[in-house]
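*Asks:* Sharing a structure, written as structure tokens. Questions coming.
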Amino acid sequence: MNIVLHQPEIPANTGNIGRTCVATGTVLHLIEPLGFRLTGKELRRAGMDYWEHLDVRRYMNFEEFAERNLAQNPEARIWMATTKARKVYTQAAFGREDFIMFGRESAGIPEDILVDHEDTCIRIPMLDRIRSLNLSNSVAIVLYEALRQQGFAGMQTEGALHRAKWQDAENG
């Protein structure tokens with residue numbers, strides 16, 4: 001999977017998203033301009049010691065991103081996560097090579113980009129009392145749905161206790 005952030009502004013959100021990408025084997029694509037430096041201590045703090053393991057790629061604008069990714073991979077779709085969408089994210093059929101794009105915390109994805117992708121605009125349902133959810137929370141919600149649809153391929157889906165043992169289901 002691929003997560004695309006269009007002009008992210010808040011380093012802590014981007015750091016949290018980076019950590020989620022490392023945990024899921026997802027590539028993070030950043031479209032300029034960024035509202036912070038990638039070497040900033042806030043970004044490192046949010047990504048903790050995982051940032052060095054992140055596959056992160058940067059682009060000057062959406063056109064460069066599209067040329068380097070979508071044109072090279074015509075099978076992949078780009079899903080636009082926006083509060084302006086008519087379709088809920090659970091209605092999307094995500095493919096392994098697809099991109100899920102999120103916009104600026106303050107403004108979302110520009111409408112001139114959205115209108116060219118009406119069929120792949122998706123939203124997270126919420127009450128109308130707020131404008132949007134936190135960006136890193138939104139990424140996690142949609143990304144994990146996409147990964148669920150892929151059967152969590154290559155991911156650890158079962159854990160174990162460190163000191164205790166789970167009770168046997170038959171004796172439980």
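Here's how to read the names in the structure tokens: chain A, B, ... by the order shown, residue numbers from 1 in each chain, ligand numbers from 1 in the order shown.
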Please tabulate, as CSV, the residues of range 130-169 of chain A that come within 9 Å of range 94-113 of chain A, each with its closest pair of atoms and the distance in Å to one decimal, counting only C-alpha atoms and ordering rows by chain, then residue number upward.
*Replies:*
```
residue,atom,partner,partner_atom,distance
A:Ser132,CA,A:Glu105,CA,8.6
A:Asn134,CA,A:Glu105,CA,7.7
A:Leu135,CA,A:Glu105,CA,6.4
A:Ser138,CA,A:Phe102,CA,8.5
A:Val139,CA,A:Phe102,CA,7.5
A:Val142,CA,A:Ile100,CA,8.1
A:Leu143,CA,A:Ile100,CA,7.7
A:Glu145,CA,A:Phe94,CA,8.6
A:Ala146,CA,A:Phe94,CA,5.5
A:Leu147,CA,A:Arg96,CA,8.2
A:Gln149,CA,A:Phe94,CA,6.9
A:Gln150,CA,A:Arg96,CA,6.9
```
*Asks:* Using N, CA, C and O atoms, can you write the selected residues to a file as a short mmCIF file (atom, residue, chain, number, x, y, z; two decimals), in the first residue's frame?
*Replies:*
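What follows is the written file result25.cif:
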```cif
data_model
loop_
_atom_site.label_atom_id
_atom_site.label_comp_id
_atom_site.auth_asym_id
_atom_site.auth_seq_id
_atom_site.Cartn_x
_atom_site.Cartn_y
_atom_site.Cartn_z
N SER A 132 -13.28 17.69 10.65
CA SER A 132 -12.56 16.48 10.25
C SER A 132 -11.93 15.83 11.47
O SER A 132 -11.86 16.42 12.54
N ASN A 134 -8.46 13.95 13.23
CA ASN A 134 -7.02 14.15 13.19
C ASN A 134 -6.44 13.37 12.01
O ASN A 134 -6.87 12.24 11.72
N LEU A 135 -5.48 13.96 11.32
CA LEU A 135 -4.93 13.36 10.10
C LEU A 135 -4.32 11.98 10.35
O LEU A 135 -4.58 11.04 9.60
N SER A 138 -7.03 9.47 10.81
CA SER A 138 -7.71 9.19 9.54
C SER A 138 -6.90 8.23 8.68
O SER A 138 -7.45 7.29 8.09
N VAL A 139 -5.59 8.47 8.61
CA VAL A 139 -4.73 7.57 7.83
C VAL A 139 -4.82 6.15 8.38
O VAL A 139 -4.98 5.18 7.63
N VAL A 142 -8.28 4.36 7.49
CA VAL A 142 -8.44 3.95 6.08
C VAL A 142 -7.38 2.92 5.69
O VAL A 142 -7.67 1.94 5.01
N LEU A 143 -6.14 3.12 6.11
CA LEU A 143 -5.07 2.19 5.77
C LEU A 143 -5.37 0.79 6.31
O LEU A 143 -5.21 -0.21 5.60
N GLU A 145 -8.23 -0.54 6.94
CA GLU A 145 -9.31 -1.15 6.15
C GLU A 145 -8.74 -1.72 4.85
O GLU A 145 -9.08 -2.83 4.45
N ALA A 146 -7.87 -0.97 4.20
CA ALA A 146 -7.25 -1.45 2.96
C ALA A 146 -6.43 -2.72 3.24
O ALA A 146 -6.50 -3.69 2.48
N LEU A 147 -5.68 -2.72 4.32
CA LEU A 147 -4.88 -3.89 4.67
C LEU A 147 -5.76 -5.08 5.06
O LEU A 147 -5.45 -6.23 4.74
N GLN A 149 -8.66 -5.71 3.79
CA GLN A 149 -9.14 -6.25 2.52
C GLN A 149 -8.08 -7.11 1.83
O GLN A 149 -8.42 -8.00 1.06
N GLN A 150 -6.82 -6.85 2.11
CA GLN A 150 -5.71 -7.62 1.53
C GLN A 150 -5.34 -8.81 2.42
O GLN A 150 -4.33 -9.48 2.18
#
```
*Asks:* Mind checking DSSP for range 53-86 of chain A and telling me the strand (DSSP E or B) residues as a list in words?
*Replies:*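 Selecting the strand (DSSP E or B) positions of range 53-86 of chain A gives Val56, Arg57, Arg58, Tyr59, Ile78, Trp79, Met80 and Ala81 of chain A.
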*Asks:* What does the structure give for the distance between CA of Phe152 in chain A and CA of Leu38 in chain A, in Å to one decimal?
*Replies:* 29.0 Å
*Asks:* Rounded to one decimal place, report the CA of Asn13 in chain A-CA of Tyr50 in chain A distance in Å.
*Replies:*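 Computed distance, CA of Asn13 in chain A to CA of Tyr50 in chain A, equals 14.3 Å.
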*Asks:* Among chain A, which ones does DSSP assign to alpha helix (DSSP H) (computed from the backbone)? Answer as a ChimeraX atom specification.
*Replies:* /A:11-24,41-47,62-65,111-114,135-149
*Asks:* I'd like to know which of A:Ala85, A:Gly18, A:His162, A:Asn69 is closest to Glu52 in chain A, using only C-alpha atoms.
*Replies:*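 Using only C-alpha atoms, the shortest distance to Glu52 in chain A belongs to A:Gly18.
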*Asks:* Just want the 8 Å neighbourhood of Leu34 in chain A, counted on only C-alpha atoms, with same-chain residues fewer than 3 positions away dropped. Output as an mmCIF file with C-alpha atoms, in the first residue's frame.
*Replies:*
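Output file out_39.cif is given in full below:
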```
data_model
loop_
_atom_site.group_PDB
_atom_site.id
_atom_site.type_symbol
_atom_site.label_atom_id
_atom_site.label_comp_id
_atom_site.auth_asym_id
_atom_site.auth_seq_id
_atom_site.Cartn_x
_atom_site.Cartn_y
_atom_site.Cartn_z
ATOM 1 C CA GLN A 7 1.331 19.377 1.702
ATOM 2 C CA PRO A 8 1.271 18.172 5.319
ATOM 3 C CA GLU A 9 1.618 20.926 7.925
ATOM 4 C CA LEU A 30 5.077 13.476 0.657
ATOM 5 C CA ILE A 31 4.027 16.221 -1.756
ATOM 6 C CA ARG A 37 11.673 20.143 7.948
#
```
*Asks:* Given only C-alpha atoms as the basis, pick out the residue of A:Ser136, A:Ala153, A:Phe65, A:Trp79 nearest to Gly15 in chain A.
*Replies:* A:Ser136
*Asks:* Could you check the closest approach to Asp128 in chain A for each of A:Val22, A:Thr83, A:Met155, A:Leu114 and tell me which residue wins, using only C-alpha atoms?
*Replies:* A:Thr83
*Asks:* What does the distance from CA of Lys165 in chain A to CA of Tyr144 in chain A come to in Å, to one decimal?
*Replies:*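 Between these atoms lies a distance of 28.1 Å.
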*Asks:* Fewer than 6 positions away in the same chain doesn't count, so skip those; otherwise give me all residues within 12 Å of Val88 in chain A, counting only C-alpha atoms, as a count of residues only.
*Replies:* 15
*Asks:* Residues at most 12 Å from Gly154 in chain A, counting only C-alpha atoms, excluding those fewer than 6 positions away in the same chain, as a PyMOL selection string?
*Replies:* chain A and resi 23-26+96+147-148
*Asks:* From the set A:Glu158, A:Glu118, A:Asp49, A:Glu64, which residue has the shortest atom-to-atom contact distance to Arg86 in chain A, counting only C-alpha atoms?
*Replies:*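 Of A:Glu158, A:Glu118, A:Asp49, A:Glu64, the one nearest Arg86 in chain A is A:Glu118, counting only C-alpha atoms.
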